[in-house]
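Novice: This is the structure, below, for whatever I ask next.
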Amino acid sequence: MNILVVGGAGFIGSHLVDLLIQNECDVTVVDNLATGNLKNLPEHPRLKFIYKDILECDLKDFPDSFDGVVHLVANASISASWEKPLSAHNANLSSTIKIIEFCKKLRIPRLVYASSAAVYGESKETPINERFEVNPLSPYGLQKLSGEKYGALFAKEFGFSFVALRFFNVFGERQSPDSDYSGVISIFSNAMKSNLPITIYGDGRQTRDFIYVRDVARAIYKSLVVTLKVGSTSIINVGSGNQTSLLKLIDLLKRQFPDWQQEKIFKDPRIGDVLHSQADIAKASQELDFISKWPIDIAFETMLKTHDVGK
Ligand code: UD1
């Protein structure tokens, strides 16, 4: 297979590239390196890298067509989407429309799109099923939801199949701990590694569905190869199906950093923070034959061995 990965030098994209290369695919990565890093990518004869913003790309950049495109371009910071909605819109939604146009012009038969659990907003119950009402609470969530709707509309019109994967809380190697809005696992591991205190927003009893990035790469791969009808749309949760509280998470991380002796600082919950999140994973299992293979504690051992987290 010949696959285009837009945003392929980032956290999730680079793990997908590793998996695609292991599966003997030819891979073209387009990335503007705004949050991605070339160091995340392997050097490989089957990998081509285009250092460009997808919004600046034209047909000349893609002399060959592709069997599928994976769209991972995002500015995933909820706060940034409030502060700079237009630039978030460009990163999150204009990029989607541009990629849809490439699907038409290059006759690419499959588009896999990184959506987010943020489309649900606060859910009345867990586990969260794809049929639940969507009610995004941030521009980011709204942009992701709009991308799903654009994808579905144009898939029918242009005749490609569209898979929107609603990622829950993804963690793993190469996730940057550098901002306050980085994933909580990368922030906590980074602090514990340097024996620094950690801050808990709320009482620590909020829960999340944490899913390891290598599992997410598998879900994307399965979305590329699964048989689908021309013009169809599938919207699928990608989570582990488990709920883990922050307090439990800290216990699990402490096993990896037994020398960590610092205090936990409790602060008010963040505005708009959802209390509980857990994916209903039945659809992923039925439609993609996907189920998470990495229990969180085993994933921690693996990722911390690579020294790539908590740098
Ligand atoms: C995550 C995604 C977001 C997505 C949303 C969908 C990440 C980084 N963000 O947001 O893109 O839209 O799921 O539901 O994966 N926390 C602390 N201390 C910290 C950092 C965080 O207590 O230092 C808390 C947060 O307040 C939150 C929980 O940990 O309650 C998880 O936070 P975070 O990892 O930022 O993810 P979400 O907010 O769930």
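Here's how to read the names in the structure tokens: chain A, B, ... by the order shown, residue numbers from 1 in each chain, ligand numbers from 1 in the order shown.
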Just the alpha helix (DSSP H) stuff from range 158-191 of chain A, please, per backbone DSSP, written as a ChimeraX atom specification.

Specialist: /A:158,184-191

Novice: Could the residues in this selection be written to a file with N, CA, C and O atoms, as an mmCIF file, in the first residue's frame?

Specialist:
data_model
loop_
_atom_site.group_PDB
_atom_site.id
_atom_site.type_symbol
_atom_site.label_atom_id
_atom_site.label_comp_id
_atom_site.auth_asym_id
_atom_site.auth_seq_id
_atom_site.Cartn_x
_atom_site.Cartn_y
_atom_site.Cartn_z
ATOM 1 N N PHE A 158 -17.790 12.412 -3.517
ATOM 2 C CA PHE A 158 -16.573 12.150 -4.302
ATOM 3 C C PHE A 158 -16.266 10.653 -4.406
ATOM 4 O O PHE A 158 -15.350 10.253 -5.111
ATOM 5 N N VAL A 184 -1.835 14.431 30.544
ATOM 6 C CA VAL A 184 -1.510 14.359 31.971
ATOM 7 C C VAL A 184 -0.431 13.300 32.247
ATOM 8 O O VAL A 184 0.414 13.489 33.127
ATOM 9 N N ILE A 185 -0.425 12.218 31.490
ATOM 10 C CA ILE A 185 0.572 11.171 31.754
ATOM 11 C C ILE A 185 1.973 11.687 31.427
ATOM 12 O O ILE A 185 2.930 11.443 32.167
ATOM 13 N N SER A 186 2.107 12.436 30.347
ATOM 14 C CA SER A 186 3.445 12.952 30.014
ATOM 15 C C SER A 186 3.882 13.988 31.052
ATOM 16 O O SER A 186 5.050 14.018 31.449
ATOM 17 N N ILE A 187 2.944 14.793 31.542
ATOM 18 C CA ILE A 187 3.302 15.808 32.552
ATOM 19 C C ILE A 187 3.709 15.127 33.864
ATOM 20 O O ILE A 187 4.756 15.448 34.454
ATOM 21 N N PHE A 188 2.905 14.158 34.309
ATOM 22 C CA PHE A 188 3.213 13.508 35.594
ATOM 23 C C PHE A 188 4.513 12.695 35.501
ATOM 24 O O PHE A 188 5.331 12.718 36.412
ATOM 25 N N SER A 189 4.716 11.979 34.398
ATOM 26 C CA SER A 189 5.959 11.179 34.331
ATOM 27 C C SER A 189 7.173 12.079 34.289
ATOM 28 O O SER A 189 8.210 11.774 34.869
ATOM 29 N N ASN A 190 7.028 13.198 33.581
ATOM 30 C CA ASN A 190 8.142 14.142 33.510
ATOM 31 C C ASN A 190 8.487 14.673 34.903
ATOM 32 O O ASN A 190 9.657 14.743 35.287
ATOM 33 N N ALA A 191 7.449 15.030 35.664
ATOM 34 C CA ALA A 191 7.679 15.560 37.018
ATOM 35 C C ALA A 191 8.280 14.482 37.922
ATOM 36 O O ALA A 191 9.241 14.745 38.663
#

Novice: Just the residues within 8 Å of range 149-151 of chain A, please, counting only C-alpha atoms, with nothing from its chain fewer than 2 positions along; format it as a PyMOL selection string.

Specialist: chain A and resi 96-97+100+145-147+153-155+162+233

Novice: Please identify all protein, DNA and RNA residues within 7 Å of ligand 1, counting only C-alpha atoms and all ligand atoms, and report them as a PyMOL selection string.

Specialist: chain A and resi 76-78+116-118+141+168-170+180-185+187-188+198-202+204+206+208+246+269-270+273-275+277

Novice: Write out, as a tab-separated table (two decimals), in the first residue's frame, the residues just selected, with N, CA and C atoms.

Specialist:
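Dumped everything to result.tsv:
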chain	number	residue	atom	x	y	z
A	76	ALA	N	-4.25	20.39	18.99
A	76	ALA	CA	-5.14	19.67	19.92
A	76	ALA	C	-5.31	20.37	21.25
A	77	SER	N	-4.82	21.60	21.36
A	77	SER	CA	-4.97	22.29	22.64
A	77	SER	C	-6.33	22.99	22.72
A	78	ILE	N	-7.11	22.57	23.70
A	78	ILE	CA	-8.44	23.15	23.87
A	78	ILE	C	-8.32	24.63	24.21
A	116	SER	N	-11.99	13.23	17.80
A	116	SER	CA	-11.67	13.27	19.22
A	116	SER	C	-12.91	13.03	20.07
A	117	ALA	N	-12.68	12.49	21.25
A	117	ALA	CA	-13.77	12.35	22.22
A	117	ALA	C	-14.29	13.73	22.62
A	118	ALA	N	-13.54	14.79	22.28
A	118	ALA	CA	-14.00	16.15	22.59
A	118	ALA	C	-15.31	16.48	21.89
A	141	GLY	N	-13.38	21.00	19.87
A	141	GLY	CA	-14.35	19.91	19.70
A	141	GLY	C	-15.28	20.18	18.52
A	168	PHE	N	-9.74	8.83	22.41
A	168	PHE	CA	-9.86	9.21	23.81
A	168	PHE	C	-8.48	9.71	24.28
A	169	ASN	N	-8.05	9.45	25.51
A	169	ASN	CA	-6.81	10.08	26.00
A	169	ASN	C	-5.59	9.25	25.60
A	170	VAL	N	-4.91	9.73	24.59
A	170	VAL	CA	-3.79	8.98	24.03
A	170	VAL	C	-2.51	9.33	24.80
A	180	ASP	N	1.21	23.15	29.73
A	180	ASP	CA	0.23	22.84	30.77
A	180	ASP	C	-0.89	21.97	30.23
A	181	TYR	N	-1.08	22.05	28.93
A	181	TYR	CA	-2.18	21.31	28.32
A	181	TYR	C	-1.69	20.05	27.60
A	182	SER	N	-0.44	19.65	27.91
A	182	SER	CA	0.03	18.36	27.41
A	182	SER	C	-0.76	17.27	28.12
A	183	GLY	N	-0.68	16.05	27.61
A	183	GLY	CA	-1.38	14.94	28.23
A	183	GLY	C	-0.90	14.75	29.67
A	184	VAL	N	-1.83	14.43	30.54
A	184	VAL	CA	-1.51	14.36	31.97
A	184	VAL	C	-0.43	13.30	32.25
A	185	ILE	N	-0.42	12.22	31.49
A	185	ILE	CA	0.57	11.17	31.75
A	185	ILE	C	1.97	11.69	31.43
A	187	ILE	N	2.94	14.79	31.54
A	187	ILE	CA	3.30	15.81	32.55
A	187	ILE	C	3.71	15.13	33.86
A	188	PHE	N	2.91	14.16	34.31
A	188	PHE	CA	3.21	13.51	35.59
A	188	PHE	C	4.51	12.70	35.50
A	198	ILE	N	3.57	17.32	41.68
A	198	ILE	CA	2.58	17.32	40.60
A	198	ILE	C	1.34	18.08	41.06
A	199	THR	N	0.63	18.62	40.09
A	199	THR	CA	-0.60	19.37	40.39
A	199	THR	C	-1.79	18.57	39.90
A	200	ILE	N	-2.77	18.44	40.79
A	200	ILE	CA	-4.00	17.74	40.41
A	200	ILE	C	-5.13	18.77	40.37
A	201	TYR	N	-5.77	18.88	39.23
A	201	TYR	CA	-6.92	19.79	39.12
A	201	TYR	C	-8.17	19.04	39.53
A	202	GLY	N	-8.77	19.46	40.64
A	202	GLY	CA	-9.93	18.72	41.18
A	202	GLY	C	-9.45	17.80	42.28
A	204	GLY	N	-8.93	14.55	41.96
A	204	GLY	CA	-8.18	13.39	41.46
A	204	GLY	C	-9.07	12.18	41.19
A	206	GLN	N	-11.56	12.24	39.06
A	206	GLN	CA	-12.05	12.22	37.68
A	206	GLN	C	-11.39	11.05	36.95
A	208	ARG	N	-10.45	8.94	33.19
A	208	ARG	CA	-10.25	9.04	31.75
A	208	ARG	C	-10.04	7.65	31.18
A	246	LEU	N	-7.38	9.72	38.19
A	246	LEU	CA	-6.03	10.31	38.28
A	246	LEU	C	-5.29	9.75	39.49
A	269	PRO	N	-10.69	22.42	39.86
A	269	PRO	CA	-10.81	21.77	38.54
A	269	PRO	C	-10.68	22.79	37.41
A	270	ARG	N	-10.20	22.33	36.27
A	270	ARG	CA	-10.12	23.21	35.11
A	270	ARG	C	-11.51	23.47	34.55
A	273	ASP	N	-13.56	20.95	32.26
A	273	ASP	CA	-13.04	19.59	32.43
A	273	ASP	C	-14.21	18.61	32.58
A	274	VAL	N	-14.22	17.55	31.81
A	274	VAL	CA	-15.29	16.57	32.03
A	274	VAL	C	-14.90	15.70	33.21
A	275	LEU	N	-15.92	15.16	33.89
A	275	LEU	CA	-15.63	14.38	35.10
A	275	LEU	C	-15.22	12.95	34.74
A	277	SER	N	-14.84	9.89	31.66
A	277	SER	CA	-14.78	9.57	30.23
A	277	SER	C	-14.35	8.11	30.08

Novice: Using DSSP on the backbone, list every residue of range 245-310 of chain A that comes out as strand (DSSP E or B), and give them as number ranges by chain.

Specialist: A: 245, 264-267, 276, 279

Novice: Kindly indicate which residue among A:Lys254, A:Lys124, A:His71, A:Lys229 lies nearest to Lys193 in chain A, using only C-alpha atoms for the distances.

Specialist: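 The answer is A:Lys254, which sits nearest to Lys193 in chain A.
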
Novice: For Val6 in chain A, list every protein, DNA or RNA residue within 6 Å, evaluated using only C-alpha atoms, and leave out those in the same chain fewer than 4 positions away; present the list as a JSON list (two decimals) with all heavy atoms, in the first residue's frame.

Specialist:
[["chain", "number", "residue", "atom", "x", "y", "z"],
["A", 29, "VAL", "N", 5.08, 11.38, 4.17],
["A", 29, "VAL", "CA", 4.66, 12.22, 5.30],
["A", 29, "VAL", "C", 4.70, 13.68, 4.86],
["A", 29, "VAL", "O", 5.68, 14.13, 4.29],
["A", 29, "VAL", "CB", 5.60, 12.01, 6.51],
["A", 29, "VAL", "CG1", 5.41, 13.10, 7.55],
["A", 29, "VAL", "CG2", 5.37, 10.64, 7.14],
["A", 30, "VAL", "N", 3.61, 14.39, 5.13],
["A", 30, "VAL", "CA", 3.61, 15.85, 5.00],
["A", 30, "VAL", "C", 3.49, 16.41, 6.40],
["A", 30, "VAL", "O", 2.60, 16.00, 7.16],
["A", 30, "VAL", "CB", 2.40, 16.35, 4.17],
["A", 30, "VAL", "CG1", 2.34, 17.87, 4.17],
["A", 30, "VAL", "CG2", 2.46, 15.83, 2.76],
["A", 71, "HIS", "N", -5.23, 11.59, 8.13],
["A", 71, "HIS", "CA", -5.19, 13.02, 8.45],
["A", 71, "HIS", "C", -5.04, 13.20, 9.96],
["A", 71, "HIS", "O", -6.00, 13.02, 10.72],
["A", 71, "HIS", "CB", -6.49, 13.64, 7.93],
["A", 71, "HIS", "CG", -6.74, 15.05, 8.39],
["A", 71, "HIS", "ND1", -5.76, 15.87, 8.87],
["A", 71, "HIS", "CD2", -7.88, 15.78, 8.40],
["A", 71, "HIS", "CE1", -6.28, 17.03, 9.19],
["A", 71, "HIS", "NE2", -7.58, 17.01, 8.91],
["A", 72, "LEU", "N", -3.81, 13.56, 10.35],
["A", 72, "LEU", "CA", -3.53, 13.73, 11.79],
["A", 72, "LEU", "C", -3.13, 15.15, 12.12],
["A", 72, "LEU", "O", -2.62, 15.41, 13.22],
["A", 72, "LEU", "CB", -2.39, 12.77, 12.20],
["A", 72, "LEU", "CG", -2.69, 11.28, 12.04],
["A", 72, "LEU", "CD1", -1.42, 10.46, 12.15],
["A", 72, "LEU", "CD2", -3.70, 10.83, 13.08]]

Novice: CA of Asp203 in chain A and CA of Glu301 in chain A, how far apart in Å?

Specialist: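 Rounded to one decimal, the two atoms are 26.2 Å apart.
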
Novice: Please identify all polymer residues within 10 Å of Leu38 in chain A, counting only C-alpha atoms, omitting same-chain residues fewer than 6 positions from it, and present them as a PyMOL selection string.

Specialist: chain A and resi 8-10+14+31+49+51

Novice: Might you pull out every residue within 8 Å of Gln262 in chain A, with only C-alpha atoms counted and same-chain residues fewer than 6 positions away left off, and present them as JSON, numbers by chain?

Specialist: {"A": [195, 196, 197, 198]}
